[in-house]
Amino acid sequence: MEEVEERDPVSGHLTTGHEWNGIKELDTPVPRGVLMFLIVTHVFALLWWFLMPTWPLGTTYTRGLLGTDQWQTVERNLVEAAAERSAWVKAIETGSFDEIRANEPLMRVVQGTGRQLFGDNCAACHGTDGKGGSNYPDLTDDDWLWAGGPEGIAETMRIGINSPHPESRVAQMPAFGRDDMLDRAQVSSVASYVFSLSNPDYSTARNVEAIAAGREVFMTTCAACHKEDARGDPEVGAPNLTDPYWVYGGDLQTIVSTVHGGRSGHMPTWDERLTAAEIKILALYVDSMSAGNP
Amino acid sequence: MPELFHRKLERTAIGFTLAIIAAASVGGIVEIAPLFTIDETVEEAPDLRLYTPLELAGRNIYVREGCYACHSQMIRTLRDEVERYGPYSLAVESKYDHPMLWGSKRTGPDLARVGGKYSDFWHVAHLTNPRDVVPESNMPAYRFLARATLDTSDLGVHLEAQRAVGVPYTDEMVENASRDAFGQATPDTEPASGVVERYGEATQVSAFDGVTTRVTEMDALVAYLQVLGRLTGAAFENTAASEETPDPQQ
């Protein structure tokens, strides 16, 4: 190889000796800052090999001097978080609903945490404000399909309604029309009767006959579940049909389709997904949403 | 000497290309290859179930519609994720996921444990128009799924393809794939008991979209969503999820 020792007169750098059409290539050295950076990162990498899990060794690997393990880290964080919360979580786990309600600071925690839990787990069906919507009951009224109060709500959450939980509550409104238990005229008249219960104006001379016939059907067919006064039965989850709160809708058309096709709402079980304390918090939170409402 | 080496290397195009490939693959070889031999990579889960043909069809629809572009299926080892979604995901939970759908983008929530969180009815309403149940949602509507009849004729081939990459489907499962897909969406029929027999008691048989007369893509997708996170209980064992509340006095 021919030795070149030629300096570029402008930059003062050595040239590589290559030349294209009179243009010479400079042999500019790596800038000092970049060189230092490379050296430092290499040293860092060497240290890292010893501190962190790095090298594969067949079926295992070097664990590193620091013993870092993401699984253990998250486990530790969770345990720490649980310890931080333990004072009030224990109080909620062990206290009765009345005791918790009497404890004002604890109820503030219930409100804050309850809101969060409700948003993550319940809002998709019952709405962010708990007011429900078509097919999902309003939780802010004090009219319960099933047992109300924090105990009843907690139990509904634990076992669910028509859920796969072995103890699940079972809500079955039979499909009277589709399964030929009632004929068309009967379905229509019983719907008129049910509609008239919450709409007294509907009982005009024109409808009075249908309503009377519907009442007849109701007493023989529906009263077993909805009771003779149509105020419902929380034992079987049959709703009160005399008030303005409806799960599926209280207009005549919707009542007809309810009676024709039946209904069976599914509320998931929260037994596995939420802890006992979380269920209690939500029960109190939901209960407080309906406080003061009729 | 180094100059000589460099000069030579630069002038052998193929040799130089191979050298570049070798240098560029060091990262991959160091980070990925050892995972195939290290014991800890995939945990044990003797109770791990297989996707039924209907669930597998739903999974294919999930891939086809690009749900993974907005939803991850990977709960990371971070406290806030575990507290919101449940136990962090284990590798074994995606053992039969070919390809895996861990995802990295979350416009919507993680779906790794969404199975059982909502009712079939809710999923159908939500997929038909998310705004009907979650007014502020920006998820697209997938109304057409309820109208599209599921093509079950080629499910046996899909099962065979999965088997080729290591999912232990039996010949009987492959043979009955179309029948099992139909059975899972039509409760109280003979095909329905067949699918439970082959895939286990925990298999969810349901009229997912509420219509039992035909099997739609909606049935398949909802069946898949309802099984997410429920093929094995492995993640629920020995994790902080089952932690007792510590005593505050200590």
# chains A, B, ... in the order shown; residues from 1 in each chain; ligands from 1
call {"tool": "closest_atom_pairs", "arguments": {"of": "chain A", "to": "chain B", "cutoff": "8 Å", "atoms": "only C-alpha atoms", "output": "CSV"}}
result
residue,atom,partner,partner_atom,distance
A:Pro56,CA,B:Pro34,CA,5.9
A:Leu57,CA,B:Ile38,CA,7.9
A:Gly58,CA,B:Thr37,CA,5.9
A:Thr59,CA,B:Ile38,CA,3.9
A:Thr60,CA,B:Ile38,CA,5.0
A:Tyr61,CA,B:Ile38,CA,7.4
A:Gln70,CA,B:Thr77,CA,6.6
A:Trp71,CA,B:Thr77,CA,6.4
A:Val74,CA,B:Leu78,CA,5.7
A:Glu75,CA,B:Ala240,CA,5.8
A:Asn77,CA,B:Arg79,CA,6.3
A:Leu78,CA,B:Arg79,CA,6.0
A:Val79,CA,B:Ala240,CA,7.3
A:Ala82,CA,B:Thr245,CA,6.5
A:Ala83,CA,B:Pro246,CA,5.9
A:Ser86,CA,B:Pro248,CA,5.3
A:Ala87,CA,B:Pro248,CA,5.1
A:Val89,CA,B:Thr245,CA,7.4
A:Lys90,CA,B:Thr245,CA,7.0
A:Asp120,CA,B:Arg84,CA,7.6
A:Asn121,CA,B:Lys117,CA,7.9
A:Ala124,CA,B:Val134,CA,5.8
A:Cys125,CA,B:Val133,CA,6.4
A:Gly127,CA,B:Val134,CA,7.4
A:His266,CA,B:Ser119,CA,6.0
A:Met267,CA,B:Ser119,CA,6.8
A:Pro268,CA,B:Tyr118,CA,6.1
A:Arg273,CA,B:Gly86,CA,7.5
call {"tool": "write_last_selection", "arguments": {"atoms": "C-alpha atoms", "output": "JSON list (two decimals), in the first residue's frame"}}
result
[["chain", "number", "residue", "atom", "x", "y", "z"],
["A", 56, "PRO", "CA", -28.82, -17.07, 28.23],
["A", 57, "LEU", "CA", -27.37, -20.33, 29.58],
["A", 58, "GLY", "CA", -29.31, -23.04, 27.79],
["A", 59, "THR", "CA", -32.42, -23.66, 29.85],
["A", 60, "THR", "CA", -31.76, -20.77, 32.23],
["A", 61, "TYR", "CA", -30.02, -17.37, 32.29],
["A", 70, "GLN", "CA", -40.65, -7.70, 36.69],
["A", 71, "TRP", "CA", -43.07, -10.20, 38.15],
["A", 74, "VAL", "CA", -45.28, -5.70, 40.27],
["A", 75, "GLU", "CA", -46.08, -8.13, 43.06],
["A", 77, "ASN", "CA", -45.91, -2.78, 44.22],
["A", 78, "LEU", "CA", -49.29, -4.42, 44.66],
["A", 79, "VAL", "CA", -48.46, -5.56, 48.17],
["A", 82, "ALA", "CA", -52.52, -3.02, 49.52],
["A", 83, "ALA", "CA", -50.66, -2.13, 52.70],
["A", 86, "SER", "CA", -55.22, -1.72, 54.34],
["A", 87, "ALA", "CA", -56.53, 0.55, 57.10],
["A", 89, "VAL", "CA", -60.00, -1.82, 53.31],
["A", 90, "LYS", "CA", -59.97, -3.78, 56.59],
["A", 120, "ASP", "CA", -64.74, 0.64, 35.04],
["A", 121, "ASN", "CA", -67.27, -2.14, 35.56],
["A", 124, "ALA", "CA", -71.14, 0.23, 30.14],
["A", 125, "CYS", "CA", -74.57, -1.18, 30.98],
["A", 127, "GLY", "CA", -74.69, 4.30, 32.32],
["A", 266, "HIS", "CA", -78.41, -10.94, 32.06],
["A", 267, "MET", "CA", -76.37, -9.23, 34.75],
["A", 268, "PRO", "CA", -72.87, -10.75, 35.03],
["A", 273, "ARG", "CA", -63.70, -10.12, 39.11]]
call {"tool": "residues_around", "arguments": {"residues": "Ala112 (chain B)", "least_positions_apart": "2", "cutoff": "6 Å", "atoms": "only C-alpha atoms", "output": "compact mmCIF listing (two decimals) with N, CA and C atoms, in the first residue's frame"}}
result
# COMPACT_ATOMS: atom_id res chain seq x y z
N GLN B 73 -54.29 -7.13 23.86
CA GLN B 73 -54.70 -8.30 24.66
C GLN B 73 -53.50 -8.70 25.50
N MET B 74 -53.04 -7.78 26.30
CA MET B 74 -51.82 -8.01 27.05
C MET B 74 -51.82 -7.08 28.26
N ASP B 110 -57.92 -2.69 27.15
CA ASP B 110 -57.35 -4.01 26.92
C ASP B 110 -58.48 -5.05 27.00
N VAL B 114 -61.65 -9.77 29.05
CA VAL B 114 -63.01 -9.22 28.91
C VAL B 114 -64.06 -10.33 28.97
N LEU B 228 -62.15 -14.80 26.04
CA LEU B 228 -60.86 -14.13 26.26
C LEU B 228 -60.51 -14.14 27.75
N GLY B 229 -59.32 -14.68 28.05
CA GLY B 229 -58.87 -14.73 29.44
C GLY B 229 -59.44 -15.89 30.22
call {"tool": "closest_residue", "arguments": {"among": "B:Gln162, B:Asn176, B:Thr149, B:Thr17", "to": "Glu217 (chain B)", "atoms": "only C-alpha atoms"}}
result
B:Thr149
call {"tool": "select_by_dssp", "arguments": {"residues": "region 40-281 of chain A", "states": "alpha helix (DSSP H)", "output": "compact mmCIF listing (two decimals) with C-alpha atoms, in the first residue's frame"}}
result
# COMPACT_ATOMS: atom_id res chain seq x y z
CA VAL A 40 -19.49 5.44 27.98
CA THR A 41 -22.36 3.40 26.54
CA HIS A 42 -20.06 0.41 26.06
CA VAL A 43 -18.89 0.61 29.65
CA PHE A 44 -22.50 0.93 30.75
CA ALA A 45 -23.45 -2.13 28.71
CA LEU A 46 -20.66 -4.13 30.36
CA LEU A 47 -21.90 -3.14 33.82
CA TRP A 48 -25.47 -3.96 32.79
CA TRP A 49 -24.42 -7.52 31.94
CA PHE A 50 -23.50 -8.06 35.55
CA LEU A 51 -26.33 -6.16 37.20
CA GLN A 70 -40.65 -7.70 36.69
CA TRP A 71 -43.07 -10.20 38.15
CA GLN A 72 -41.66 -9.69 41.62
CA THR A 73 -41.59 -5.93 41.11
CA VAL A 74 -45.28 -5.70 40.27
CA GLU A 75 -46.08 -8.13 43.06
CA ARG A 76 -44.18 -5.92 45.50
CA ASN A 77 -45.91 -2.78 44.22
CA LEU A 78 -49.29 -4.42 44.66
CA VAL A 79 -48.46 -5.56 48.17
CA GLU A 80 -47.25 -2.07 49.04
CA ALA A 81 -50.41 -0.54 47.58
CA ALA A 82 -52.52 -3.02 49.52
CA ALA A 83 -50.66 -2.13 52.70
CA GLU A 84 -51.27 1.57 52.13
CA ARG A 85 -54.97 0.96 51.70
CA SER A 86 -55.22 -1.72 54.34
CA ALA A 87 -56.53 0.55 57.10
CA TRP A 88 -59.73 1.42 55.29
CA VAL A 89 -60.00 -1.82 53.31
CA LYS A 90 -59.97 -3.78 56.59
CA ALA A 91 -62.55 -1.43 58.04
CA ILE A 92 -64.80 -2.04 55.05
CA GLU A 93 -64.24 -5.79 54.99
CA THR A 94 -65.03 -6.26 58.66
CA PHE A 97 -72.98 -1.66 56.27
CA ASP A 98 -74.48 0.44 59.05
CA GLU A 99 -71.13 0.90 60.75
CA ILE A 100 -69.53 1.96 57.49
CA ARG A 101 -72.33 4.39 56.72
CA ALA A 102 -71.94 5.98 60.14
CA GLU A 104 -67.93 9.73 57.58
CA PRO A 105 -64.25 9.57 56.48
CA LEU A 106 -64.80 5.99 55.35
CA MET A 107 -67.84 7.02 53.33
CA ARG A 108 -65.74 9.63 51.54
CA VAL A 109 -63.40 6.83 50.45
CA VAL A 110 -66.42 4.77 49.41
CA GLN A 111 -67.69 7.63 47.24
CA GLY A 112 -64.35 8.22 45.54
CA THR A 113 -63.43 4.58 45.00
CA GLY A 114 -67.02 3.62 44.20
CA ARG A 115 -67.20 6.13 41.39
CA GLN A 116 -64.03 4.72 39.86
CA LEU A 117 -65.16 1.10 40.17
CA PHE A 118 -68.58 1.92 38.80
CA GLY A 119 -67.05 3.59 35.75
CA ASP A 120 -64.74 0.64 35.04
CA ASN A 121 -67.27 -2.14 35.56
CA ALA A 123 -71.20 2.10 33.46
CA ALA A 124 -71.14 0.23 30.14
CA CYS A 125 -74.57 -1.18 30.98
CA HIS A 126 -76.08 1.01 33.68
CA GLY A 149 -80.39 -1.84 50.34
CA PRO A 150 -76.62 -2.45 50.40
CA GLU A 151 -77.05 -6.10 51.46
CA GLY A 152 -79.41 -6.87 48.59
CA ILE A 153 -77.33 -4.97 46.04
CA ALA A 154 -74.13 -6.71 47.17
CA GLU A 155 -75.84 -10.08 46.81
CA THR A 156 -77.13 -9.21 43.31
CA MET A 157 -73.58 -8.23 42.34
CA ARG A 158 -72.02 -11.32 43.84
CA ILE A 159 -74.21 -13.89 42.12
CA ARG A 184 -103.07 -12.23 20.17
CA ALA A 185 -106.19 -10.67 21.64
CA GLN A 186 -105.19 -11.69 25.14
CA VAL A 187 -101.69 -10.31 24.74
CA SER A 188 -103.08 -7.04 23.49
CA SER A 189 -105.68 -6.72 26.25
CA VAL A 190 -103.33 -7.62 29.10
CA ALA A 191 -100.86 -5.08 27.73
CA SER A 192 -103.61 -2.45 27.77
CA TYR A 193 -104.35 -3.33 31.37
CA VAL A 194 -100.68 -3.07 32.37
CA PHE A 195 -100.35 0.21 30.48
CA SER A 196 -103.42 1.64 32.22
CA LEU A 197 -101.88 0.97 35.65
CA SER A 198 -99.30 3.71 35.23
CA VAL A 208 -112.46 0.12 29.27
CA GLU A 209 -113.58 -3.19 27.85
CA ALA A 210 -110.13 -4.27 26.74
CA ILE A 211 -108.71 -3.23 30.09
CA ALA A 212 -111.29 -5.28 31.97
CA ALA A 213 -110.51 -8.31 29.81
CA GLY A 214 -106.82 -7.70 30.35
CA ARG A 215 -107.31 -7.55 34.10
CA GLU A 216 -108.91 -10.95 33.90
CA VAL A 217 -105.90 -12.38 32.06
CA ALA A 223 -100.31 -12.29 39.21
CA ALA A 224 -98.32 -15.36 40.24
CA CYS A 225 -95.14 -13.37 39.65
CA HIS A 226 -96.16 -9.73 39.49
CA LEU A 252 -97.94 0.16 24.88
CA GLN A 253 -95.90 -1.18 21.96
CA THR A 254 -92.97 -2.27 24.16
CA ILE A 255 -95.27 -3.87 26.73
CA VAL A 256 -96.87 -5.88 23.92
CA SER A 257 -93.49 -7.10 22.74
CA THR A 258 -92.43 -7.90 26.31
CA VAL A 259 -95.51 -10.05 26.82
CA HIS A 260 -95.18 -11.60 23.37
CA GLY A 261 -91.47 -12.45 23.37
CA ALA A 276 -65.30 -8.67 48.66
CA ALA A 277 -64.30 -5.16 49.74
CA GLU A 278 -64.87 -3.79 46.24
CA ILE A 279 -68.33 -5.35 46.11
CA LYS A 280 -69.17 -3.75 49.45
CA ILE A 281 -67.90 -0.37 48.28
call {"tool": "atom_distance", "arguments": {"atom1": "CA of Glu160 (chain B)", "atom2": "CA of Leu111 (chain B)"}}
result
26.6 Å
call {"tool": "select_by_dssp", "arguments": {"residues": "region 37-184 of chain A", "states": "strand (DSSP E)", "output": "ChimeraX atom specification"}}
result
/A:56-57,60-61
call {"tool": "decode", "arguments": {"residues": "region 76-220 of chain B", "atoms": "C-alpha atoms", "output": "PDB file, in the first residue's frame"}}
result
ATOM      1  CA  ARG B  76     -48.577  -5.654  31.476  1.00  0.00           C
ATOM      2  CA  THR B  77     -46.737  -6.162  34.740  1.00  0.00           C
ATOM      3  CA  LEU B  78     -47.662  -2.749  36.057  1.00  0.00           C
ATOM      4  CA  ARG B  79     -49.662  -1.996  39.164  1.00  0.00           C
ATOM      5  CA  ASP B  80     -52.328   0.169  37.524  1.00  0.00           C
ATOM      6  CA  GLU B  81     -52.942  -2.362  34.761  1.00  0.00           C
ATOM      7  CA  VAL B  82     -53.331  -5.232  37.192  1.00  0.00           C
ATOM      8  CA  GLU B  83     -55.684  -3.189  39.361  1.00  0.00           C
ATOM      9  CA  ARG B  84     -57.852  -2.234  36.410  1.00  0.00           C
ATOM     10  CA  TYR B  85     -57.858  -5.350  34.226  1.00  0.00           C
ATOM     11  CA  GLY B  86     -56.906  -8.232  36.530  1.00  0.00           C
ATOM     12  CA  PRO B  87     -53.822 -10.490  36.811  1.00  0.00           C
ATOM     13  CA  TYR B  88     -51.095  -9.670  34.284  1.00  0.00           C
ATOM     14  CA  SER B  89     -51.015 -11.809  31.152  1.00  0.00           C
ATOM     15  CA  LEU B  90     -48.875 -14.940  31.095  1.00  0.00           C
ATOM     16  CA  ALA B  91     -47.143 -16.281  28.008  1.00  0.00           C
ATOM     17  CA  VAL B  92     -48.987 -19.578  28.335  1.00  0.00           C
ATOM     18  CA  GLU B  93     -52.300 -17.788  27.880  1.00  0.00           C
ATOM     19  CA  SER B  94     -51.387 -17.119  24.265  1.00  0.00           C
ATOM     20  CA  LYS B  95     -49.840 -20.531  23.730  1.00  0.00           C
ATOM     21  CA  TYR B  96     -52.520 -21.413  21.171  1.00  0.00           C
ATOM     22  CA  ASP B  97     -52.716 -17.932  19.648  1.00  0.00           C
ATOM     23  CA  HIS B  98     -51.409 -18.120  16.107  1.00  0.00           C
ATOM     24  CA  PRO B  99     -50.712 -15.314  15.422  1.00  0.00           C
ATOM     25  CA  MET B 100     -50.672 -13.673  18.850  1.00  0.00           C
ATOM     26  CA  LEU B 101     -52.828 -10.565  19.242  1.00  0.00           C
ATOM     27  CA  TRP B 102     -51.023  -8.818  22.089  1.00  0.00           C
ATOM     28  CA  GLY B 103     -51.135  -5.515  20.249  1.00  0.00           C
ATOM     29  CA  SER B 104     -49.469  -2.320  21.335  1.00  0.00           C
ATOM     30  CA  LYS B 105     -52.121   0.315  20.715  1.00  0.00           C
ATOM     31  CA  ARG B 106     -54.957   1.091  23.064  1.00  0.00           C
ATOM     32  CA  THR B 107     -57.583   3.409  21.698  1.00  0.00           C
ATOM     33  CA  GLY B 108     -60.046   1.218  23.565  1.00  0.00           C
ATOM     34  CA  PRO B 109     -59.418  -0.824  26.717  1.00  0.00           C
ATOM     35  CA  ASP B 110     -57.352  -4.014  26.925  1.00  0.00           C
ATOM     36  CA  LEU B 111     -59.458  -7.079  26.135  1.00  0.00           C
ATOM     37  CA  ALA B 112     -57.251  -9.841  27.568  1.00  0.00           C
ATOM     38  CA  ARG B 113     -59.781 -10.574  30.350  1.00  0.00           C
ATOM     39  CA  VAL B 114     -63.006  -9.224  28.911  1.00  0.00           C
ATOM     40  CA  GLY B 115     -64.587 -12.716  28.789  1.00  0.00           C
ATOM     41  CA  GLY B 116     -67.562 -12.846  31.178  1.00  0.00           C
ATOM     42  CA  LYS B 117     -67.374  -9.154  32.023  1.00  0.00           C
ATOM     43  CA  TYR B 118     -70.439  -8.331  29.933  1.00  0.00           C
ATOM     44  CA  SER B 119     -73.439 -10.292  28.676  1.00  0.00           C
ATOM     45  CA  ASP B 120     -73.705 -11.636  25.111  1.00  0.00           C
ATOM     46  CA  PHE B 121     -76.616  -9.252  24.715  1.00  0.00           C
ATOM     47  CA  TRP B 122     -74.418  -6.286  25.620  1.00  0.00           C
ATOM     48  CA  HIS B 123     -71.684  -7.338  23.175  1.00  0.00           C
ATOM     49  CA  VAL B 124     -74.193  -7.639  20.348  1.00  0.00           C
ATOM     50  CA  ALA B 125     -75.660  -4.209  21.126  1.00  0.00           C
ATOM     51  CA  HIS B 126     -72.173  -2.727  21.486  1.00  0.00           C
ATOM     52  CA  LEU B 127     -70.842  -4.174  18.234  1.00  0.00           C
ATOM     53  CA  THR B 128     -74.035  -3.186  16.412  1.00  0.00           C
ATOM     54  CA  ASN B 129     -73.599   0.410  17.517  1.00  0.00           C
ATOM     55  CA  PRO B 130     -71.207   1.238  20.373  1.00  0.00           C
ATOM     56  CA  ARG B 131     -72.931   4.617  20.914  1.00  0.00           C
ATOM     57  CA  ASP B 132     -76.150   2.845  21.965  1.00  0.00           C
ATOM     58  CA  VAL B 133     -74.526   1.582  25.161  1.00  0.00           C
ATOM     59  CA  VAL B 134     -71.497   3.862  25.603  1.00  0.00           C
ATOM     60  CA  PRO B 135     -72.595   7.311  24.363  1.00  0.00           C
ATOM     61  CA  GLU B 136     -69.055   8.739  24.272  1.00  0.00           C
ATOM     62  CA  SER B 137     -67.500   5.788  22.390  1.00  0.00           C
ATOM     63  CA  ASN B 138     -65.538   6.325  19.174  1.00  0.00           C
ATOM     64  CA  MET B 139     -65.399   2.652  18.270  1.00  0.00           C
ATOM     65  CA  PRO B 140     -66.725   1.871  14.773  1.00  0.00           C
ATOM     66  CA  ALA B 141     -70.064   0.046  14.386  1.00  0.00           C
ATOM     67  CA  TYR B 142     -69.938  -3.535  13.079  1.00  0.00           C
ATOM     68  CA  ARG B 143     -73.629  -3.854  12.269  1.00  0.00           C
ATOM     69  CA  PHE B 144     -73.071  -6.108   9.259  1.00  0.00           C
ATOM     70  CA  LEU B 145     -71.702  -8.957  11.390  1.00  0.00           C
ATOM     71  CA  ALA B 146     -75.205  -9.914  12.513  1.00  0.00           C
ATOM     72  CA  ARG B 147     -76.330 -10.147   8.898  1.00  0.00           C
ATOM     73  CA  ALA B 148     -73.313 -12.100   7.598  1.00  0.00           C
ATOM     74  CA  THR B 149     -73.815 -15.854   7.769  1.00  0.00           C
ATOM     75  CA  LEU B 150     -70.663 -17.514   9.088  1.00  0.00           C
ATOM     76  CA  ASP B 151     -68.886 -19.684   6.568  1.00  0.00           C
ATOM     77  CA  THR B 152     -68.334 -22.862   8.583  1.00  0.00           C
ATOM     78  CA  SER B 153     -67.461 -25.107   5.672  1.00  0.00           C
ATOM     79  CA  ASP B 154     -63.704 -24.534   5.874  1.00  0.00           C
ATOM     80  CA  LEU B 155     -63.301 -24.571   9.653  1.00  0.00           C
ATOM     81  CA  GLY B 156     -61.827 -28.061   9.586  1.00  0.00           C
ATOM     82  CA  VAL B 157     -59.017 -26.741   7.412  1.00  0.00           C
ATOM     83  CA  HIS B 158     -58.428 -23.881   9.845  1.00  0.00           C
ATOM     84  CA  LEU B 159     -58.124 -26.393  12.664  1.00  0.00           C
ATOM     85  CA  GLU B 160     -55.647 -28.409  10.631  1.00  0.00           C
ATOM     86  CA  ALA B 161     -53.599 -25.293   9.954  1.00  0.00           C
ATOM     87  CA  GLN B 162     -53.502 -24.573  13.680  1.00  0.00           C
ATOM     88  CA  ARG B 163     -52.505 -28.167  14.301  1.00  0.00           C
ATOM     89  CA  ALA B 164     -49.615 -27.782  11.885  1.00  0.00           C
ATOM     90  CA  VAL B 165     -48.194 -25.066  14.137  1.00  0.00           C
ATOM     91  CA  GLY B 166     -48.606 -27.101  17.313  1.00  0.00           C
ATOM     92  CA  VAL B 167     -52.182 -26.733  18.598  1.00  0.00           C
ATOM     93  CA  PRO B 168     -53.273 -30.243  19.659  1.00  0.00           C
ATOM     94  CA  TYR B 169     -56.576 -30.563  17.793  1.00  0.00           C
ATOM     95  CA  THR B 170     -57.577 -34.201  17.335  1.00  0.00           C
ATOM     96  CA  ASP B 171     -58.788 -35.793  14.101  1.00  0.00           C
ATOM     97  CA  GLU B 172     -62.251 -35.964  15.628  1.00  0.00           C
ATOM     98  CA  MET B 173     -62.231 -32.214  16.272  1.00  0.00           C
ATOM     99  CA  VAL B 174     -61.114 -31.489  12.727  1.00  0.00           C
ATOM    100  CA  GLU B 175     -63.796 -33.750  11.301  1.00  0.00           C
ATOM    101  CA  ASN B 176     -66.584 -32.194  13.365  1.00  0.00           C
ATOM    102  CA  ALA B 177     -65.453 -28.579  13.099  1.00  0.00           C
ATOM    103  CA  SER B 178     -68.439 -27.242  11.130  1.00  0.00           C
ATOM    104  CA  ARG B 179     -70.915 -29.175  13.242  1.00  0.00           C
ATOM    105  CA  ASP B 180     -69.294 -27.956  16.469  1.00  0.00           C
ATOM    106  CA  ALA B 181     -69.414 -24.338  15.312  1.00  0.00           C
ATOM    107  CA  PHE B 182     -73.126 -24.724  14.677  1.00  0.00           C
ATOM    108  CA  GLY B 183     -73.676 -26.564  17.968  1.00  0.00           C
ATOM    109  CA  GLN B 184     -72.021 -23.953  20.144  1.00  0.00           C
ATOM    110  CA  ALA B 185     -74.461 -21.305  18.922  1.00  0.00           C
ATOM    111  CA  THR B 186     -77.580 -23.483  19.267  1.00  0.00           C
ATOM    112  CA  PRO B 187     -78.092 -24.551  22.892  1.00  0.00           C
ATOM    113  CA  ASP B 188     -80.057 -27.695  23.768  1.00  0.00           C
ATOM    114  CA  THR B 189     -79.374 -29.492  20.527  1.00  0.00           C
ATOM    115  CA  GLU B 190     -77.384 -32.612  19.782  1.00  0.00           C
ATOM    116  CA  PRO B 191     -74.492 -30.759  18.119  1.00  0.00           C
ATOM    117  CA  ALA B 192     -74.339 -28.568  21.248  1.00  0.00           C
ATOM    118  CA  SER B 193     -73.611 -31.559  23.477  1.00  0.00           C
ATOM    119  CA  GLY B 194     -71.000 -32.697  20.973  1.00  0.00           C
ATOM    120  CA  VAL B 195     -69.000 -29.519  21.293  1.00  0.00           C
ATOM    121  CA  VAL B 196     -69.056 -29.675  25.098  1.00  0.00           C
ATOM    122  CA  GLU B 197     -67.927 -33.282  24.962  1.00  0.00           C
ATOM    123  CA  ARG B 198     -64.967 -32.458  22.741  1.00  0.00           C
ATOM    124  CA  TYR B 199     -63.882 -29.119  24.211  1.00  0.00           C
ATOM    125  CA  GLY B 200     -64.790 -29.508  27.884  1.00  0.00           C
ATOM    126  CA  GLU B 201     -67.524 -28.632  30.356  1.00  0.00           C
ATOM    127  CA  ALA B 202     -66.420 -25.013  30.575  1.00  0.00           C
ATOM    128  CA  THR B 203     -67.275 -24.386  26.922  1.00  0.00           C
ATOM    129  CA  GLN B 204     -69.931 -21.714  26.664  1.00  0.00           C
ATOM    130  CA  VAL B 205     -72.851 -22.798  24.568  1.00  0.00           C
ATOM    131  CA  SER B 206     -75.184 -19.898  23.920  1.00  0.00           C
ATOM    132  CA  ALA B 207     -77.374 -18.278  21.277  1.00  0.00           C
ATOM    133  CA  PHE B 208     -74.830 -15.487  21.267  1.00  0.00           C
ATOM    134  CA  ASP B 209     -76.685 -13.087  18.966  1.00  0.00           C
ATOM    135  CA  GLY B 210     -80.067 -14.258  20.243  1.00  0.00           C
ATOM    136  CA  VAL B 211     -80.987 -16.056  17.010  1.00  0.00           C
ATOM    137  CA  THR B 212     -80.583 -19.834  16.933  1.00  0.00           C
ATOM    138  CA  THR B 213     -81.753 -20.505  13.416  1.00  0.00           C
ATOM    139  CA  ARG B 214     -78.475 -19.557  11.803  1.00  0.00           C
ATOM    140  CA  VAL B 215     -74.878 -18.973  12.806  1.00  0.00           C
ATOM    141  CA  THR B 216     -73.605 -15.496  11.999  1.00  0.00           C
ATOM    142  CA  GLU B 217     -70.240 -13.783  12.206  1.00  0.00           C
ATOM    143  CA  MET B 218     -71.668 -11.947  15.215  1.00  0.00           C
ATOM    144  CA  ASP B 219     -72.123 -15.304  16.991  1.00  0.00           C
ATOM    145  CA  ALA B 220     -68.503 -16.179  16.295  1.00  0.00           C
TER     146      ALA B 220
END
